[in-house]
Amino acid sequence: MAFDFDLIKGVYQQMASKIITARETLGRPLTYTEKVLLSHLYSGSDVRDFQRGVDYVNFAPDRVAMQDATAQMAILQFMQAGRPKVAVPSTVHCDHLIQAKDGAKRDLEVAEVTNKEVYDFLSSASQKYGLGFWKPGAGIIHQVILENYAFPGGMMIGTDSHTPNAGGLGMVAIGVGGADAVDVMTGLSWELKFPKIIGIKLTGQLNGWCSAKDVILKVAGILTVKGGTGSIVEYFGEGAQSLSCTGKGTICNMGAEIGATTSLFGYDEQMYDYLVATGRKDVAELANLYKNLLTADQEVYAEPNKYFDEVIEINLDTLEPYINGPFTPDLATPLSEFAATAVKNGWPLNMDVGLIGSCTNSSYEDIARAASIAKQAIANNIDFKSEFTVTPGSEQVRYTVDRDGYLGVFEKIGGQVLSNACGPCIGQWARHNAADLDENSIMTSFNRNFAKRNDGNPKTHGFVASPEIVTAFSIAGRLDFNPMTDTLINKDGVEVRLVEPSGDRLPMKGFDVDDLGFIAPDDRKDVAVVIDPDSDRLQELTPFNVWDGKDLVDLPLLIKAKGKCTTDHISMAGPWLKYRGHLDNISNNLLIGGVNFFNEKTNSVKNQLTGEYGAVPDVARVYKANHIQSVIVGDENYGEGSSREHAAMEPRHLNVGAVLVRSFARIHETNLKKQGILAVTFKDPKDYDKVKENDRFSFLGLAEFTPGKSILVKIVHDDGSEDLFEVNHTYNELQIEWFKAGSCLNYIKRINK
């Protein structure tokens with residue numbers, strides 16, 4: 001029996017009538033994306049032909065999911081909203097705080113002790129406010145969602161940028177900040193600019209060494225890390241239908257790396273099979289009854305250029321494996337060219353570690369195919385040259401692949417099985433001697449590979465590939481190797497060539513598990529949610545100040561960030577995850593990874609009050625202590641990467657008044673708006689070059705702050721000269737109310753009085 005089956009039934013019943021209305025109103029066939037979005041309009045919102053990329057629309061998601069690192073701040077904000085219970089089904093998943101070090105059993109034991117205070121807070125709050133709670137070790141949020149909650153035609157938001165993983169089961173699943181989750185959990189609408197829609201037609205069928213991972217690695221190379229910004233990617237074609245459900249999930253998961261709002265596939269037999277295999281035959285049979293609603297109208301796929309804003313076609317028959325990186329997930333190199341490219345670019349050719357698993361690639365199929373490569377090494381008397389780790393995505397997957405002997409294969413070749421958690425993918429990896437390592441290479445089946453992302457070492461070159469490719473390269477131990485063409489020498493001096501991987505998509509004996517690790521919501525209003533006032537990990541929130549109605553005048557520059565500045569640079573993960581529930585403590589990592597334009601250093605900015613250089617958060621605290629607001633200036637796609645709202649809450653907490661950039665990543669821009677910061681972009685991107693180190697900024701005309709109207713900025717340089725220029729914003733009327741109230745949460749509290 002599925003979770004929330006009555007909810008799913010209700011969604012389908014309403015979907016039928018709403019799609020008829022939408023098709024009549026628009027007077028044309030509908031994409032699958034439009035069907036899901038328009039059937040989830042918030043109560044009172046009429047269907048109309050929303051202008052893609054322009055109109056803000058209010059939606060009513062079916063559910064909310066939060067991982068433990070982001071859930072802390074989301075729940076702390078929910079507690080401020082004054083609601084006794086969440087308004088929609090919501091869950092908390094404890095997957096981010098387990099550090100990978102000594103193996104699954106020991107690492108989980110350590111996490112349960114070191115994070116006890118946080119786990120107790122999350123579990124008690126879940127009981128009090130009616131949230132489902134998935135215990136440490138239960139699995140990574142996105143894999144657990146796919147196995148238990150995702151359903152075709154549904155809509156959900158999650159406080160993690162890889163929430164789109166559920167698109168593999170035909171769901172519009174969107175990563176958001178915690179404040180967005182609070183909106184939905186309190187029963188309010190969730191606002192999104194109606195996205196553009198990119199159609200990706202897949203023809204042919206995967207073969208040989210290719211996997212679903214290679215589809216998204218190629219797409220990332222085509223669209224880059226910002227090519228999907230403001231868009232939903234809809235995959236279609238016979239090639240799409242040939243992919244396994246979990247393979248589809250892999251593709252949707254990594255859609256976050258192209259900046260896409262989300263990605264999804266229409267319902268098909270592969271999804272039916274996966275629903276049945278994961279104990280949800282009732283949902284599968286219900287979806288079959290409504291299957292004409294759960295894909296685009298036939299006319300759309302027949303003439304895609306008429307209905308999508310952009311169309312890309314990929315032939316799976318001719319697709320080859322890709323390896324992306326280092327330092328960015330969109331640097332895509334075909335396997336046939338990778339060895340030569342690595343040599344040409346001077347990348348460290350010895351591959352120190354191979355890591356498979358994560359929320360992106362930890363399905364039964366992934367593990368089975370990777371194990372088929374490891375078995376060849378054992379059978380042919382070849383040692384693995386690289387260290388090797390395996391991160392299962394859920395306890396259900398771990399238990400099943402262990403039962404079927406695959407974990408034993410990895411252990412036999414010296415592989416280390418880690419906890420069912422995020423671990424090395426998010427920097428929760430106690431890699432031995434990581435800080436002391438010189439330039440080195442690792443390869444993962446994860447999703448991101450920004451500098452310092454996995455082990456905290458900026459010299460580590462991280463490459464992203466499929467689990468089977470990672471496994472093959474781990475046997476060879478070198479980047480200048482191609483498993484499709486090159487041979488290996490075994491212990492007997494015999495040349496051996498690996499054959500292509502194989503593995504079942506779903507377990508022949510079915511999935512099995514002793515304990516899912518789930519605690520159902522109990523609505524126990526008598527439960528006390530206790531926060532120790534002396535805790536260094538949890539801190540009750542204090543509302544941000546209301547806007548005083550005046551222009552922001554004479555603000556010093558805190559930092560002019562140069563080049564790529566992701567949410568990892570703005571608010572690092574790794575060891576900082578322990579402070580995700582304590583705003584003041586975690587603010588000590590504000591922009592410590594951002595490169596200062598003026599001295600090419602990280603965490604070194606000029607204090608305009610003293611003329612001395614200091615750490616970014618230290619200088620910000622000096623300004624705050626003197627009741628001075630400051631300004632952050634950034635480059636293109638500022639705030640790409642994870643959904644973490646701490647990257648917006650920290651500058652607000654440290655009295656940053658405005659963030660001015662060439663362009664924003666979607667989630668981060670929304671997060672800044674939610675926290676009451678003025679988030680604006682240069683009307684002329686070249687005005688970024690006018691900003692000097694000792695500048696003072698004034699944002700003028702805020703009394704007339706209105707949608708679509710630019711804002712005037714005056715910069716006064718230290719020689720007394722001035723620059724005047726206009727900046728753009730994307731605030732609508734509601735978002736301007738957030739700014740005036742000091743934050744979205746302040747606004748919610750005001751309207752709930």
# chains A, B, ... in the order shown; residues from 1 in each chain; ligands from 1
call {"tool": "select_by_dssp", "arguments": {"residues": "region 709-741 of chain A", "states": "alpha helix (DSSP H)", "output": "PyMOL selection string"}}
result
chain A and resi 733-741
call {"tool": "write_last_selection", "arguments": {"atoms": "C-alpha atoms", "output": "short mmCIF file (atom, residue, chain, number, x, y, z; two decimals), in the first residue's frame"}}
result
data_model
loop_
_atom_site.label_atom_id
_atom_site.label_comp_id
_atom_site.auth_asym_id
_atom_site.auth_seq_id
_atom_site.Cartn_x
_atom_site.Cartn_y
_atom_site.Cartn_z
CA GLU A 733 3.94 42.75 -5.78
CA LEU A 734 3.93 39.96 -3.17
CA GLN A 735 7.72 39.75 -3.09
CA ILE A 736 7.93 43.51 -2.58
CA GLU A 737 5.69 43.00 0.46
CA TRP A 738 8.24 40.48 1.76
CA PHE A 739 10.95 43.12 1.37
CA LYS A 740 8.89 45.73 3.19
CA ALA A 741 8.04 43.29 5.99
#
call {"tool": "residues_around", "arguments": {"residues": "Gln396 (chain A)", "least_positions_apart": "5", "cutoff": "8 Å", "atoms": "only C-alpha atoms", "output": "list in words"}}
result
Phe511, Asp512, Val513 and Leu516 of chain A
call {"tool": "residues_around", "arguments": {"residues": "Gly414 (chain A)", "least_positions_apart": "2", "cutoff": "8 Å", "atoms": "only C-alpha atoms", "output": "list of chain:residue names"}}
result
A:Phe384, A:Glu387, A:Phe388, A:Phe410, A:Glu411, A:Lys412, A:Gln416
call {"tool": "residues_around", "arguments": {"residues": "Leu583 (chain A)", "least_positions_apart": "3", "cutoff": "12 Å", "atoms": "only C-alpha atoms", "output": "number ranges by chain"}}
result
A: 70, 72-74, 76-77, 535-543, 571, 576-580, 586-590, 645-654
call {"tool": "closest_residue", "arguments": {"among": "A:Leu700, A:Ile232, A:Ile8, A:Met351", "to": "Thr444 (chain A)", "atoms": "only C-alpha atoms"}}
result
A:Met351
call {"tool": "residues_around", "arguments": {"residues": "Met254 (chain A)", "least_positions_apart": "4", "cutoff": "8 Å", "atoms": "only C-alpha atoms", "output": "number ranges by chain"}}
result
A: 162, 165, 216, 250, 258, 360, 447
call {"tool": "write_last_selection", "arguments": {"atoms": "all heavy atoms", "output": "PDB file, in the first residue's frame"}}
result
ATOM      1  N   HIS A 162      18.399  18.670  -5.482  1.00  0.00           N
ATOM      2  CA  HIS A 162      18.240  17.466  -6.302  1.00  0.00           C
ATOM      3  C   HIS A 162      16.883  16.795  -6.112  1.00  0.00           C
ATOM      4  O   HIS A 162      16.681  15.644  -6.527  1.00  0.00           O
ATOM      5  CB  HIS A 162      19.398  16.502  -6.050  1.00  0.00           C
ATOM      6  CG  HIS A 162      20.692  17.051  -6.561  1.00  0.00           C
ATOM      7  ND1 HIS A 162      21.607  17.663  -5.729  1.00  0.00           N
ATOM      8  CD2 HIS A 162      21.191  17.164  -7.812  1.00  0.00           C
ATOM      9  CE1 HIS A 162      22.621  18.102  -6.458  1.00  0.00           C
ATOM     10  NE2 HIS A 162      22.393  17.822  -7.717  1.00  0.00           N
ATOM     11  N   ASN A 165      14.896  14.579  -8.734  1.00  0.00           N
ATOM     12  CA  ASN A 165      15.057  13.136  -8.890  1.00  0.00           C
ATOM     13  C   ASN A 165      13.705  12.444  -9.100  1.00  0.00           C
ATOM     14  O   ASN A 165      13.592  11.481  -9.861  1.00  0.00           O
ATOM     15  CB  ASN A 165      15.750  12.573  -7.645  1.00  0.00           C
ATOM     16  CG  ASN A 165      16.209  11.142  -7.803  1.00  0.00           C
ATOM     17  OD1 ASN A 165      17.231  10.876  -8.406  1.00  0.00           O
ATOM     18  ND2 ASN A 165      15.448  10.213  -7.248  1.00  0.00           N
ATOM     19  N   ILE A 216      22.494  12.678 -19.324  1.00  0.00           N
ATOM     20  CA  ILE A 216      22.517  13.979 -18.649  1.00  0.00           C
ATOM     21  C   ILE A 216      23.916  14.587 -18.677  1.00  0.00           C
ATOM     22  O   ILE A 216      24.069  15.813 -18.705  1.00  0.00           O
ATOM     23  CB  ILE A 216      21.967  13.874 -17.207  1.00  0.00           C
ATOM     24  CG1 ILE A 216      21.872  15.258 -16.550  1.00  0.00           C
ATOM     25  CG2 ILE A 216      22.797  12.918 -16.363  1.00  0.00           C
ATOM     26  CD1 ILE A 216      20.995  16.248 -17.297  1.00  0.00           C
ATOM     27  N   THR A 250      18.004   9.385 -12.442  1.00  0.00           N
ATOM     28  CA  THR A 250      19.377   9.888 -12.530  1.00  0.00           C
ATOM     29  C   THR A 250      19.442  11.132 -13.412  1.00  0.00           C
ATOM     30  O   THR A 250      20.069  12.139 -13.070  1.00  0.00           O
ATOM     31  CB  THR A 250      20.305   8.799 -13.095  1.00  0.00           C
ATOM     32  OG1 THR A 250      20.412   7.734 -12.155  1.00  0.00           O
ATOM     33  CG2 THR A 250      21.695   9.349 -13.396  1.00  0.00           C
ATOM     34  N   ILE A 258      22.270  21.815 -14.619  1.00  0.00           N
ATOM     35  CA  ILE A 258      22.119  22.747 -15.742  1.00  0.00           C
ATOM     36  C   ILE A 258      21.235  23.922 -15.339  1.00  0.00           C
ATOM     37  O   ILE A 258      20.832  24.720 -16.182  1.00  0.00           O
ATOM     38  CB  ILE A 258      21.553  22.050 -16.997  1.00  0.00           C
ATOM     39  CG1 ILE A 258      20.190  21.413 -16.718  1.00  0.00           C
ATOM     40  CG2 ILE A 258      22.534  21.006 -17.516  1.00  0.00           C
ATOM     41  CD1 ILE A 258      19.479  20.880 -17.955  1.00  0.00           C
ATOM     42  N   THR A 360      22.160  10.194  -6.815  1.00  0.00           N
ATOM     43  CA  THR A 360      22.063  10.233  -8.268  1.00  0.00           C
ATOM     44  C   THR A 360      22.171   8.858  -8.894  1.00  0.00           C
ATOM     45  O   THR A 360      21.534   8.575  -9.905  1.00  0.00           O
ATOM     46  CB  THR A 360      23.182  11.135  -8.838  1.00  0.00           C
ATOM     47  OG1 THR A 360      23.266  12.318  -8.068  1.00  0.00           O
ATOM     48  CG2 THR A 360      22.926  11.487 -10.277  1.00  0.00           C
ATOM     49  N   ASN A 447      26.857  14.028  -8.480  1.00  0.00           N
ATOM     50  CA  ASN A 447      26.285  15.017  -9.383  1.00  0.00           C
ATOM     51  C   ASN A 447      27.123  16.280  -9.510  1.00  0.00           C
ATOM     52  O   ASN A 447      27.149  16.902 -10.557  1.00  0.00           O
ATOM     53  CB  ASN A 447      24.863  15.392  -8.950  1.00  0.00           C
ATOM     54  CG  ASN A 447      24.724  15.500  -7.440  1.00  0.00           C
ATOM     55  OD1 ASN A 447      25.479  16.204  -6.784  1.00  0.00           O
ATOM     56  ND2 ASN A 447      23.761  14.796  -6.883  1.00  0.00           N
TER      57      ASN A 447
END
call {"tool": "closest_residue", "arguments": {"among": "A:Pro136, A:Gly593, A:Gly510, A:Gly10", "to": "Leu275 (chain A)", "atoms": "only C-alpha atoms"}}
result
A:Gly510
call {"tool": "closest_residue", "arguments": {"among": "A:Leu660, A:Ile667, A:Ile570, A:Ala703", "to": "Pro685 (chain A)", "atoms": "only C-alpha atoms"}}
result
A:Leu660
call {"tool": "closest_residue", "arguments": {"among": "A:Ser211, A:Asn482, A:Gln608, A:Thr389", "to": "Arg696 (chain A)", "atoms": "only C-alpha atoms"}}
result
A:Gln608
call {"tool": "closest_residue", "arguments": {"among": "A:Lys714, A:His93, A:His40, A:Arg666", "to": "Ala260 (chain A)", "atoms": "only C-alpha atoms"}}
result
A:Arg666
call {"tool": "residues_around", "arguments": {"residues": "Asn288 (chain A)", "least_positions_apart": "4", "cutoff": "12 Å", "atoms": "only C-alpha atoms", "output": "PyMOL selection string"}}
result
chain A and resi 12+151-153+267-269+271-273+275+281-284+292-295
call {"tool": "select_by_dssp", "arguments": {"residues": "region 204-239 of chain A", "states": "strand (DSSP E or B)", "output": "PyMOL selection string"}}
result
chain A and resi 229+231-236
call {"tool": "residues_around", "arguments": {"residues": "Lys385 (chain A)", "least_positions_apart": "2", "cutoff": "7 Å", "atoms": "only C-alpha atoms", "output": "VMD selection string"}}
result
chain A and resid 383 387 474 to 477
call {"tool": "write_last_selection", "arguments": {"atoms": "all heavy atoms", "output": "short mmCIF file (atom, residue, chain, number, x, y, z; two decimals), in the first residue's frame"}}
result
data_model
loop_
_atom_site.label_atom_id
_atom_site.label_comp_id
_atom_site.auth_asym_id
_atom_site.auth_seq_id
_atom_site.Cartn_x
_atom_site.Cartn_y
_atom_site.Cartn_z
N ASP A 383 43.87 -6.60 -9.60
CA ASP A 383 43.62 -5.78 -8.41
C ASP A 383 43.07 -4.41 -8.81
O ASP A 383 43.42 -3.87 -9.86
CB ASP A 383 44.93 -5.55 -7.63
CG ASP A 383 45.36 -6.79 -6.87
OD1 ASP A 383 44.47 -7.59 -6.50
OD2 ASP A 383 46.58 -6.94 -6.65
N GLU A 387 41.50 3.36 -4.54
CA GLU A 387 40.57 3.11 -3.44
C GLU A 387 39.16 3.16 -4.01
O GLU A 387 38.91 3.80 -5.03
CB GLU A 387 40.72 4.18 -2.35
CG GLU A 387 42.05 4.15 -1.62
CD GLU A 387 42.11 5.22 -0.54
OE1 GLU A 387 41.08 5.46 0.12
OE2 GLU A 387 43.19 5.83 -0.37
N SER A 474 38.56 2.65 -11.72
CA SER A 474 39.16 2.31 -10.43
C SER A 474 40.03 1.07 -10.53
O SER A 474 41.00 0.91 -9.79
CB SER A 474 38.05 2.09 -9.38
OG SER A 474 37.29 3.26 -9.20
N ILE A 475 39.67 0.17 -11.43
CA ILE A 475 40.51 -1.00 -11.66
C ILE A 475 41.83 -0.57 -12.30
O ILE A 475 42.92 -0.99 -11.88
CB ILE A 475 39.79 -2.02 -12.57
CG1 ILE A 475 38.52 -2.53 -11.88
CG2 ILE A 475 40.72 -3.19 -12.90
CD1 ILE A 475 37.63 -3.39 -12.78
N ALA A 476 41.73 0.31 -13.29
CA ALA A 476 42.94 0.76 -13.98
C ALA A 476 43.77 1.71 -13.13
O ALA A 476 45.00 1.72 -13.18
CB ALA A 476 42.55 1.45 -15.29
N GLY A 477 43.09 2.56 -12.37
CA GLY A 477 43.78 3.51 -11.51
C GLY A 477 44.38 4.70 -12.23
O GLY A 477 45.19 5.43 -11.66
#
call {"tool": "closest_residue", "arguments": {"among": "A:Glu24, A:Glu234, A:Asp584, A:Glu704", "to": "Gly549 (chain A)", "atoms": "only C-alpha atoms"}}
result
A:Glu704
